[in-house]
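Right, one structure below, let's go through it.
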Amino acid sequence: MPPLPLQSDWAFVVENLDLLIAGTGVTVALTVASILLGFLLGFPAGAIEVYGRGPLKRAVETAGVVLRGTPLLVIIILLFFGLSVSSSAFVTATIALGLRSAAYQSQIFRGALQSVDEGQLEAARAVGMGRFQAIRSVVVPQALRRSVPGFQNEFTIVLKDTSIAIVIGLGELLTVGQNLYQGGQSTAALEIFLTVSLIYFVLTFVTNRSLDRLDDRFSIPGGERA
C-alpha cells in the first residue's frame, strides 16, 4: 500500500491511538513493577550499607557499583539473550530495570538513613529499645519520608528507561510507535513520535506532581532530605 497523503498523518495517529494507549499501559505497568522490585531490593541494600558489616556489606556495595556502572541496555540483553532468565520480555525487562533501580534506590535510602541524627538512635536505646527495634521504629519512618524527593527522581528515570525494552521486542509505548510508522502504511513518523513524546511528558508531569504532594504532606518540618 502506498504511503498516505501528508495531510492525513495526524488522522493516522488518531486512528491508531488505541494502540498507543495500550503501549502506554505496558509502559506504566513495567515502570510500577520495576520500581517495586527496586524498592524491595534497594531499601534492605541501603540499610545493609549503613548498618551492616563484614562480607555481606562488601557484597552489597560491590553489586551496587557493578549495576550502576553497567549500561541498562547491556543488562537487558544479557538477561534476555545471555542468561535467558525468562521467555517473557516483560518479566526480563522488569528484572533488569528493577535490579538497576535497586542499585540507585539503595543510595537514596542510604543517604536518608544517614541523615537521621545518631542521637535519636541512642535515645531510643536509652529507653530500652533494642538496636533493630530502634532502627525500625525511629530511624526508618523518618528515612522513608526524607527519601521521597530522591525517589521521585528515580521514578521518572525508570519511566523513561522503559523505552530501552524495545531491544527485546516488548510492546511498550516506544515499540508501538516505531511499529506504526515502520509498517509502511503512513509517512507519519514525526507525528507518531511527537505523540509518544507528549504521552511520556504527561506521565512524567503527573507522577512528579503527585509525588510533590506526597512530599509536602509527609515531609518532616525543618528536616533534611536525601
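Identifiers for the C-alpha cells are assigned positionally: chains receive A, B, ... in sequence, residues are indexed from 1 per chain, and ligands are indexed from 1 in the order shown.
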Checklist entry - Could you pull the residues within 9 Å of Ile75 in chain A, counting only C-alpha atoms, minus those fewer than 5 positions along the same chain, as a ChimeraX atom specification? => result /A:67,70,80,96-97,100
Show me, as a PDB file with all heavy atoms, in the first residue's frame, the residues that have an atom within 12 Å of Gln152 in chain A when counting only C-alpha atoms, minus same-chain residues fewer than 5 positions from it.
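Just written: around_10.pdb:
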ATOM      1  N   ILE A  35       9.870  -0.386  39.742  1.00  0.00           N
ATOM      2  CA  ILE A  35      10.086   0.444  40.932  1.00  0.00           C
ATOM      3  C   ILE A  35       9.846  -0.369  42.204  1.00  0.00           C
ATOM      4  O   ILE A  35      10.596  -0.268  43.190  1.00  0.00           O
ATOM      5  CB  ILE A  35       9.173   1.682  40.899  1.00  0.00           C
ATOM      6  CG1 ILE A  35       9.740   2.731  39.941  1.00  0.00           C
ATOM      7  CG2 ILE A  35       9.009   2.281  42.279  1.00  0.00           C
ATOM      8  CD1 ILE A  35      11.009   3.405  40.414  1.00  0.00           C
ATOM      9  N   GLN A 105      18.275   3.119  44.157  1.00  0.00           N
ATOM     10  CA  GLN A 105      17.437   3.349  45.334  1.00  0.00           C
ATOM     11  C   GLN A 105      18.206   3.062  46.619  1.00  0.00           C
ATOM     12  O   GLN A 105      17.970   3.711  47.647  1.00  0.00           O
ATOM     13  CB  GLN A 105      16.184   2.477  45.268  1.00  0.00           C
ATOM     14  CG  GLN A 105      15.162   2.930  44.234  1.00  0.00           C
ATOM     15  CD  GLN A 105      13.828   2.234  44.395  1.00  0.00           C
ATOM     16  OE1 GLN A 105      13.257   2.205  45.493  1.00  0.00           O
ATOM     17  NE2 GLN A 105      13.308   1.664  43.320  1.00  0.00           N
ATOM     18  N   ILE A 108      19.767   6.195  47.607  1.00  0.00           N
ATOM     19  CA  ILE A 108      18.774   7.146  48.110  1.00  0.00           C
ATOM     20  C   ILE A 108      18.459   6.835  49.565  1.00  0.00           C
ATOM     21  O   ILE A 108      18.456   7.725  50.432  1.00  0.00           O
ATOM     22  CB  ILE A 108      17.493   7.094  47.259  1.00  0.00           C
ATOM     23  CG1 ILE A 108      17.771   7.574  45.833  1.00  0.00           C
ATOM     24  CG2 ILE A 108      16.381   7.939  47.904  1.00  0.00           C
ATOM     25  CD1 ILE A 108      16.608   7.362  44.875  1.00  0.00           C
ATOM     26  N   ARG A 145      10.361   9.120  54.758  1.00  0.00           N
ATOM     27  CA  ARG A 145       9.785  10.434  54.433  1.00  0.00           C
ATOM     28  C   ARG A 145      10.823  11.337  53.781  1.00  0.00           C
ATOM     29  O   ARG A 145      10.518  12.096  52.866  1.00  0.00           O
ATOM     30  CB  ARG A 145       9.231  11.073  55.713  1.00  0.00           C
ATOM     31  CG  ARG A 145       8.046  10.316  56.285  1.00  0.00           C
ATOM     32  CD  ARG A 145       7.701  10.747  57.696  1.00  0.00           C
ATOM     33  NE  ARG A 145       7.095  12.066  57.733  1.00  0.00           N
ATOM     34  CZ  ARG A 145       6.630  12.620  58.847  1.00  0.00           C
ATOM     35  NH1 ARG A 145       6.736  11.970  60.001  1.00  0.00           N
ATOM     36  NH2 ARG A 145       6.094  13.820  58.810  1.00  0.00           N
ATOM     37  N   ARG A 146      12.054  11.248  54.229  1.00  0.00           N
ATOM     38  CA  ARG A 146      13.100  12.105  53.673  1.00  0.00           C
ATOM     39  C   ARG A 146      13.563  11.641  52.291  1.00  0.00           C
ATOM     40  O   ARG A 146      14.209  12.391  51.566  1.00  0.00           O
ATOM     41  CB  ARG A 146      14.288  12.147  54.626  1.00  0.00           C
ATOM     42  CG  ARG A 146      13.985  12.846  55.945  1.00  0.00           C
ATOM     43  CD  ARG A 146      15.173  12.876  56.866  1.00  0.00           C
ATOM     44  NE  ARG A 146      14.867  13.599  58.097  1.00  0.00           N
ATOM     45  CZ  ARG A 146      15.746  13.853  59.059  1.00  0.00           C
ATOM     46  NH1 ARG A 146      17.001  13.429  58.928  1.00  0.00           N
ATOM     47  NH2 ARG A 146      15.395  14.521  60.135  1.00  0.00           N
ATOM     48  N   SER A 147      13.244  10.406  51.944  1.00  0.00           N
ATOM     49  CA  SER A 147      13.710   9.864  50.666  1.00  0.00           C
ATOM     50  C   SER A 147      12.771  10.154  49.501  1.00  0.00           C
ATOM     51  O   SER A 147      13.100   9.842  48.358  1.00  0.00           O
ATOM     52  CB  SER A 147      13.894   8.347  50.788  1.00  0.00           C
ATOM     53  OG  SER A 147      12.656   7.696  50.994  1.00  0.00           O
ATOM     54  N   ILE A 157      13.182   8.529  36.074  1.00  0.00           N
ATOM     55  CA  ILE A 157      14.241   7.890  35.283  1.00  0.00           C
ATOM     56  C   ILE A 157      13.798   6.510  34.802  1.00  0.00           C
ATOM     57  O   ILE A 157      13.977   6.159  33.630  1.00  0.00           O
ATOM     58  CB  ILE A 157      15.538   7.788  36.102  1.00  0.00           C
ATOM     59  CG1 ILE A 157      16.135   9.183  36.324  1.00  0.00           C
ATOM     60  CG2 ILE A 157      16.553   6.885  35.410  1.00  0.00           C
ATOM     61  CD1 ILE A 157      17.318   9.200  37.269  1.00  0.00           C
ATOM     62  N   VAL A 158      13.209   5.719  35.697  1.00  0.00           N
ATOM     63  CA  VAL A 158      12.765   4.375  35.322  1.00  0.00           C
ATOM     64  C   VAL A 158      11.669   4.447  34.268  1.00  0.00           C
ATOM     65  O   VAL A 158      11.652   3.658  33.314  1.00  0.00           O
ATOM     66  CB  VAL A 158      12.277   3.598  36.559  1.00  0.00           C
ATOM     67  CG1 VAL A 158      11.630   2.271  36.148  1.00  0.00           C
ATOM     68  CG2 VAL A 158      13.430   3.330  37.513  1.00  0.00           C
ATOM     69  N   LEU A 159      10.753   5.406  34.415  1.00  0.00           N
ATOM     70  CA  LEU A 159       9.686   5.579  33.435  1.00  0.00           C
ATOM     71  C   LEU A 159      10.252   5.786  32.039  1.00  0.00           C
ATOM     72  O   LEU A 159       9.809   5.153  31.064  1.00  0.00           O
ATOM     73  CB  LEU A 159       8.805   6.770  33.839  1.00  0.00           C
ATOM     74  CG  LEU A 159       7.745   7.216  32.824  1.00  0.00           C
ATOM     75  CD1 LEU A 159       6.744   6.096  32.574  1.00  0.00           C
ATOM     76  CD2 LEU A 159       7.036   8.472  33.301  1.00  0.00           C
ATOM     77  N   THR A 204       5.210  11.772  33.061  1.00  0.00           N
ATOM     78  CA  THR A 204       6.236  12.318  33.951  1.00  0.00           C
ATOM     79  C   THR A 204       5.687  13.468  34.779  1.00  0.00           C
ATOM     80  O   THR A 204       5.934  13.549  35.997  1.00  0.00           O
ATOM     81  CB  THR A 204       7.446  12.812  33.128  1.00  0.00           C
ATOM     82  OG1 THR A 204       7.979  11.726  32.369  1.00  0.00           O
ATOM     83  CG2 THR A 204       8.531  13.362  34.038  1.00  0.00           C
ATOM     84  N   PHE A 205       4.918  14.349  34.142  1.00  0.00           N
ATOM     85  CA  PHE A 205       4.363  15.513  34.836  1.00  0.00           C
ATOM     86  C   PHE A 205       3.404  15.081  35.940  1.00  0.00           C
ATOM     87  O   PHE A 205       3.493  15.562  37.075  1.00  0.00           O
ATOM     88  CB  PHE A 205       3.643  16.420  33.835  1.00  0.00           C
ATOM     89  CG  PHE A 205       3.055  17.657  34.452  1.00  0.00           C
ATOM     90  CD1 PHE A 205       3.852  18.774  34.668  1.00  0.00           C
ATOM     91  CD2 PHE A 205       1.722  17.708  34.819  1.00  0.00           C
ATOM     92  CE1 PHE A 205       3.316  19.929  35.239  1.00  0.00           C
ATOM     93  CE2 PHE A 205       1.184  18.845  35.391  1.00  0.00           C
ATOM     94  CZ  PHE A 205       1.978  19.958  35.605  1.00  0.00           C
ATOM     95  N   VAL A 206       2.497  14.156  35.615  1.00  0.00           N
ATOM     96  CA  VAL A 206       1.518  13.697  36.602  1.00  0.00           C
ATOM     97  C   VAL A 206       2.221  13.000  37.769  1.00  0.00           C
ATOM     98  O   VAL A 206       1.887  13.216  38.938  1.00  0.00           O
ATOM     99  CB  VAL A 206       0.500  12.745  35.944  1.00  0.00           C
ATOM    100  CG1 VAL A 206      -0.378  12.083  37.005  1.00  0.00           C
ATOM    101  CG2 VAL A 206      -0.371  13.507  34.951  1.00  0.00           C
ATOM    102  N   THR A 207       3.221  12.183  37.453  1.00  0.00           N
ATOM    103  CA  THR A 207       3.972  11.489  38.505  1.00  0.00           C
ATOM    104  C   THR A 207       4.684  12.478  39.416  1.00  0.00           C
ATOM    105  O   THR A 207       4.623  12.365  40.654  1.00  0.00           O
ATOM    106  CB  THR A 207       5.000  10.532  37.874  1.00  0.00           C
ATOM    107  OG1 THR A 207       4.326   9.544  37.098  1.00  0.00           O
ATOM    108  CG2 THR A 207       5.822   9.844  38.966  1.00  0.00           C
ATOM    109  N   ASN A 208       5.359  13.460  38.823  1.00  0.00           N
ATOM    110  CA  ASN A 208       6.103  14.433  39.627  1.00  0.00           C
ATOM    111  C   ASN A 208       5.183  15.253  40.512  1.00  0.00           C
ATOM    112  O   ASN A 208       5.490  15.510  41.676  1.00  0.00           O
ATOM    113  CB  ASN A 208       6.913  15.350  38.715  1.00  0.00           C
ATOM    114  CG  ASN A 208       8.153  14.677  38.171  1.00  0.00           C
ATOM    115  OD1 ASN A 208       8.639  13.706  38.734  1.00  0.00           O
ATOM    116  ND2 ASN A 208       8.667  15.171  37.062  1.00  0.00           N
ATOM    117  N   ARG A 209       4.052  15.700  39.945  1.00  0.00           N
ATOM    118  CA  ARG A 209       3.124  16.497  40.752  1.00  0.00           C
ATOM    119  C   ARG A 209       2.538  15.667  41.894  1.00  0.00           C
ATOM    120  O   ARG A 209       2.357  16.168  43.013  1.00  0.00           O
ATOM    121  CB  ARG A 209       2.002  17.048  39.869  1.00  0.00           C
ATOM    122  CG  ARG A 209       2.453  18.033  38.808  1.00  0.00           C
ATOM    123  CD  ARG A 209       2.927  19.390  39.374  1.00  0.00           C
ATOM    124  NE  ARG A 209       4.273  19.320  39.942  1.00  0.00           N
ATOM    125  CZ  ARG A 209       5.379  19.319  39.209  1.00  0.00           C
ATOM    126  NH1 ARG A 209       5.314  19.388  37.901  1.00  0.00           N
ATOM    127  NH2 ARG A 209       6.567  19.275  39.788  1.00  0.00           N
ATOM    128  N   SER A 210       2.238  14.401  41.620  1.00  0.00           N
ATOM    129  CA  SER A 210       1.678  13.542  42.665  1.00  0.00           C
ATOM    130  C   SER A 210       2.677  13.315  43.792  1.00  0.00           C
ATOM    131  O   SER A 210       2.334  13.391  44.977  1.00  0.00           O
ATOM    132  CB  SER A 210       1.258  12.195  42.067  1.00  0.00           C
ATOM    133  OG  SER A 210       0.268  12.371  41.074  1.00  0.00           O
ATOM    134  N   LEU A 211       3.944  13.075  43.414  1.00  0.00           N
ATOM    135  CA  LEU A 211       4.970  12.859  44.430  1.00  0.00           C
ATOM    136  C   LEU A 211       5.332  14.155  45.151  1.00  0.00           C
ATOM    137  O   LEU A 211       5.737  14.124  46.320  1.00  0.00           O
ATOM    138  CB  LEU A 211       6.208  12.227  43.791  1.00  0.00           C
ATOM    139  CG  LEU A 211       6.018  10.772  43.350  1.00  0.00           C
ATOM    140  CD1 LEU A 211       7.245  10.267  42.609  1.00  0.00           C
ATOM    141  CD2 LEU A 211       5.723   9.866  44.544  1.00  0.00           C
ATOM    142  N   ASP A 212       5.193  15.294  44.481  1.00  0.00           N
ATOM    143  CA  ASP A 212       5.386  16.586  45.154  1.00  0.00           C
ATOM    144  C   ASP A 212       4.377  16.737  46.287  1.00  0.00           C
ATOM    145  O   ASP A 212       4.715  17.187  47.392  1.00  0.00           O
ATOM    146  CB  ASP A 212       5.219  17.742  44.161  1.00  0.00           C
ATOM    147  CG  ASP A 212       6.486  17.985  43.353  1.00  0.00           C
ATOM    148  OD1 ASP A 212       7.566  17.537  43.780  1.00  0.00           O
ATOM    149  OD2 ASP A 212       6.394  18.633  42.286  1.00  0.00           O
ATOM    150  N   ARG A 213       3.119  16.402  46.001  1.00  0.00           N
ATOM    151  CA  ARG A 213       2.088  16.496  47.031  1.00  0.00           C
ATOM    152  C   ARG A 213       2.353  15.520  48.171  1.00  0.00           C
ATOM    153  O   ARG A 213       2.144  15.834  49.346  1.00  0.00           O
ATOM    154  CB  ARG A 213       0.713  16.226  46.413  1.00  0.00           C
ATOM    155  CG  ARG A 213       0.253  17.309  45.445  1.00  0.00           C
ATOM    156  CD  ARG A 213      -1.197  17.129  45.060  1.00  0.00           C
ATOM    157  NE  ARG A 213      -1.665  18.227  44.229  1.00  0.00           N
ATOM    158  CZ  ARG A 213      -2.923  18.387  43.835  1.00  0.00           C
ATOM    159  NH1 ARG A 213      -3.840  17.509  44.228  1.00  0.00           N
ATOM    160  NH2 ARG A 213      -3.281  19.414  43.074  1.00  0.00           N
ATOM    161  N   LEU A 214       2.813  14.320  47.803  1.00  0.00           N
ATOM    162  CA  LEU A 214       3.149  13.338  48.832  1.00  0.00           C
ATOM    163  C   LEU A 214       4.283  13.844  49.713  1.00  0.00           C
ATOM    164  O   LEU A 214       4.249  13.705  50.935  1.00  0.00           O
ATOM    165  CB  LEU A 214       3.551  12.015  48.166  1.00  0.00           C
ATOM    166  CG  LEU A 214       3.820  10.834  49.103  1.00  0.00           C
ATOM    167  CD1 LEU A 214       2.532  10.396  49.782  1.00  0.00           C
ATOM    168  CD2 LEU A 214       4.427   9.668  48.325  1.00  0.00           C
ATOM    169  N   ASP A 215       5.266  14.476  49.090  1.00  0.00           N
ATOM    170  CA  ASP A 215       6.398  15.012  49.839  1.00  0.00           C
ATOM    171  C   ASP A 215       5.948  16.138  50.755  1.00  0.00           C
ATOM    172  O   ASP A 215       6.366  16.224  51.913  1.00  0.00           O
ATOM    173  CB  ASP A 215       7.461  15.513  48.859  1.00  0.00           C
ATOM    174  CG  ASP A 215       8.705  16.023  49.560  1.00  0.00           C
ATOM    175  OD1 ASP A 215       9.075  15.435  50.607  1.00  0.00           O
ATOM    176  OD2 ASP A 215       9.309  16.989  49.074  1.00  0.00           O
ATOM    177  N   ALA A 226      16.995  13.526  51.659  1.00  0.00           N
ATOM    178  CA  ALA A 226      18.042  12.757  50.997  1.00  0.00           C
ATOM    179  C   ALA A 226      18.220  13.210  49.568  1.00  0.00           C
ATOM    180  O   ALA A 226      17.281  13.638  48.923  1.00  0.00           O
ATOM    181  CB  ALA A 226      17.676  11.274  51.014  1.00  0.00           C
TER     182      ALA A 226
END
Checklist entry - Hey, what does DSSP flag as alpha helix (DSSP H) within range 20-171 of chain A? Can you give it to me as a ChimeraX atom specification? => result /A:20-51,54-69,72-77,89-115,118-126,131-134,140-146,148-161
Checklist entry - If we count only C-alpha atoms, what is near Leu144 in chain A at a cut-off of 12 Å, once residues fewer than 2 positions away on the same chain are taken out, given as a ChimeraX atom specification? => result /A:39,43,46-47,105-106,108-116,136-142,146-151,214-215,218-220,224-226
Checklist outcome for this item: From CA of Glu154 in chain A to CA of Asn179 in chain A the spacing works out at 28.2 Å
Item to check | Counting only C-alpha atoms, the residue of A:Gly98, A:Gly54, A:Pro71, A:Gly128 that sits nearest Thr31 in chain A | outcome: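 Checking each candidate against Thr31 in chain A, we get A:Gly98 as the closest.
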Next on the checklist: Counting only C-alpha atoms, which residue out of A:Leu73, A:Ile164, A:Val127, A:Ile95 sits closest to Leu36 in chain A?
Outcome noted: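 Among the listed residues, the smallest separation from Leu36 in chain A belongs to A:Ile95.
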Checklist entry - Leaving out Ala45 in chain A and any residue of its chain fewer than 6 positions from it, which residues lie within 10 Å of it when counting only C-alpha atoms, given as a PyMOL selection string? => result chain A and resi 39+51-52+56-57+59-61+63-64+102-103+105-107+109-110
Could you write out the selected residues, including N, CA, C and O atoms, as an mmCIF file, in the first residue's frame?
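Wrote it out as part25.cif, contents follow:
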data_model
loop_
_atom_site.group_PDB
_atom_site.id
_atom_site.type_symbol
_atom_site.label_atom_id
_atom_site.label_comp_id
_atom_site.auth_asym_id
_atom_site.auth_seq_id
_atom_site.Cartn_x
_atom_site.Cartn_y
_atom_site.Cartn_z
ATOM 1 N N PHE A 39 12.514 -1.193 45.009
ATOM 2 C CA PHE A 39 12.326 -0.830 46.419
ATOM 3 C C PHE A 39 12.563 -2.034 47.326
ATOM 4 O O PHE A 39 13.242 -1.921 48.362
ATOM 5 N N TYR A 51 24.188 -0.046 58.213
ATOM 6 C CA TYR A 51 24.278 -0.731 59.500
ATOM 7 C C TYR A 51 24.981 -2.096 59.432
ATOM 8 O O TYR A 51 25.293 -2.673 60.478
ATOM 9 N N GLY A 52 25.213 -2.584 58.217
ATOM 10 C CA GLY A 52 25.843 -3.892 58.087
ATOM 11 C C GLY A 52 27.349 -3.820 58.259
ATOM 12 O O GLY A 52 27.946 -2.759 58.391
ATOM 13 N N LEU A 56 28.917 -9.404 53.926
ATOM 14 C CA LEU A 56 27.610 -9.040 53.382
ATOM 15 C C LEU A 56 27.598 -7.587 52.914
ATOM 16 O O LEU A 56 27.120 -7.279 51.814
ATOM 17 N N LYS A 57 28.128 -6.695 53.727
ATOM 18 C CA LYS A 57 28.169 -5.285 53.359
ATOM 19 C C LYS A 57 29.025 -5.085 52.119
ATOM 20 O O LYS A 57 28.639 -4.346 51.198
ATOM 21 N N ALA A 59 29.669 -7.257 49.772
ATOM 22 C CA ALA A 59 28.994 -7.860 48.617
ATOM 23 C C ALA A 59 27.911 -6.934 48.078
ATOM 24 O O ALA A 59 27.773 -6.757 46.858
ATOM 25 N N VAL A 60 27.144 -6.336 48.985
ATOM 26 C CA VAL A 60 26.076 -5.414 48.571
ATOM 27 C C VAL A 60 26.664 -4.182 47.895
ATOM 28 O O VAL A 60 26.172 -3.724 46.852
ATOM 29 N N GLU A 61 27.714 -3.639 48.467
ATOM 30 C CA GLU A 61 28.349 -2.457 47.875
ATOM 31 C C GLU A 61 28.925 -2.770 46.495
ATOM 32 O O GLU A 61 28.788 -1.973 45.560
ATOM 33 N N ALA A 63 27.947 -5.194 44.400
ATOM 34 C CA ALA A 63 26.840 -5.408 43.460
ATOM 35 C C ALA A 63 26.257 -4.069 43.005
ATOM 36 O O ALA A 63 25.941 -3.889 41.817
ATOM 37 N N GLY A 64 26.139 -3.136 43.915
ATOM 38 C CA GLY A 64 25.612 -1.816 43.569
ATOM 39 C C GLY A 64 26.507 -1.088 42.590
ATOM 40 O O GLY A 64 26.034 -0.483 41.612
ATOM 41 N N ALA A 102 17.224 -0.764 41.898
ATOM 42 C CA ALA A 102 17.605 -1.122 43.266
ATOM 43 C C ALA A 102 18.974 -0.567 43.615
ATOM 44 O O ALA A 102 19.211 -0.102 44.743
ATOM 45 N N ALA A 103 19.893 -0.595 42.641
ATOM 46 C CA ALA A 103 21.243 -0.082 42.886
ATOM 47 C C ALA A 103 21.214 1.406 43.189
ATOM 48 O O ALA A 103 21.982 1.893 44.033
ATOM 49 N N GLN A 105 18.275 3.119 44.157
ATOM 50 C CA GLN A 105 17.437 3.349 45.334
ATOM 51 C C GLN A 105 18.206 3.062 46.619
ATOM 52 O O GLN A 105 17.970 3.711 47.647
ATOM 53 N N SER A 106 19.121 2.105 46.584
ATOM 54 C CA SER A 106 19.909 1.811 47.781
ATOM 55 C C SER A 106 20.685 3.038 48.241
ATOM 56 O O SER A 106 20.837 3.272 49.451
ATOM 57 N N GLN A 107 21.157 3.837 47.277
ATOM 58 C CA GLN A 107 21.896 5.042 47.633
ATOM 59 C C GLN A 107 20.979 6.144 48.153
ATOM 60 O O GLN A 107 21.344 6.930 49.029
ATOM 61 N N PHE A 109 18.191 5.569 49.840
ATOM 62 C CA PHE A 109 17.823 5.174 51.203
ATOM 63 C C PHE A 109 19.028 5.211 52.142
ATOM 64 O O PHE A 109 18.874 5.505 53.330
ATOM 65 N N ARG A 110 20.207 4.921 51.632
ATOM 66 C CA ARG A 110 21.406 5.026 52.464
ATOM 67 C C ARG A 110 21.573 6.461 52.950
ATOM 68 O O ARG A 110 21.814 6.703 54.145
#
Checklist entry - What separation in Å, quoted to one decimal, exists between CA of Leu19 in chain A and CA of Phe155 in chain A? => result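 The value is 24.1 Å.
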Next on the checklist: So the first atom is CA of Glu172 in chain A and the second is CA of Val65 in chain A; what is the distance between them in Å, to one decimal place?
Outcome noted: 28.4 Å
Item to check | Spatial neighbours of Thr175 in chain A, 12 Å, only C-alpha atoms, chain gap at least 5 places, as a VMD selection string | outcome: chain A and resid 19 to 20 22 to 24 26 to 27 162 to 170 180 to 182 192 to 193 196
Item to check | Ala188 in chain A surroundings by only C-alpha atoms, 8 Å radius, close-in-sequence under 6 positions cut, as a ChimeraX atom specification | outcome: /A:6,9-10,12-13,181
Could you please take those selected residues and save N, CA and C atoms as a PDB file, in the first residue's frame?
ATOM      1  N   LEU A   6       0.272  13.415   3.071  1.00  0.00           N
ATOM      2  CA  LEU A   6       0.827  14.042   4.259  1.00  0.00           C
ATOM      3  C   LEU A   6      -0.245  14.588   5.176  1.00  0.00           C
ATOM      4  N   ASP A   9      -1.610  12.434   8.009  1.00  0.00           N
ATOM      5  CA  ASP A   9      -0.708  11.861   9.004  1.00  0.00           C
ATOM      6  C   ASP A   9      -1.290  11.919  10.407  1.00  0.00           C
ATOM      7  N   TRP A  10      -1.833  13.078  10.785  1.00  0.00           N
ATOM      8  CA  TRP A  10      -2.409  13.190  12.123  1.00  0.00           C
ATOM      9  C   TRP A  10      -3.653  12.322  12.252  1.00  0.00           C
ATOM     10  N   PHE A  12      -3.994   9.479  10.833  1.00  0.00           N
ATOM     11  CA  PHE A  12      -3.447   8.131  11.046  1.00  0.00           C
ATOM     12  C   PHE A  12      -3.102   7.921  12.516  1.00  0.00           C
ATOM     13  N   VAL A  13      -2.531   8.938  13.157  1.00  0.00           N
ATOM     14  CA  VAL A  13      -2.205   8.843  14.579  1.00  0.00           C
ATOM     15  C   VAL A  13      -3.472   8.662  15.400  1.00  0.00           C
ATOM     16  N   TYR A 181       4.965   3.343  12.275  1.00  0.00           N
ATOM     17  CA  TYR A 181       5.478   4.011  11.079  1.00  0.00           C
ATOM     18  C   TYR A 181       6.354   3.096  10.234  1.00  0.00           C
TER      19      TYR A 181
END
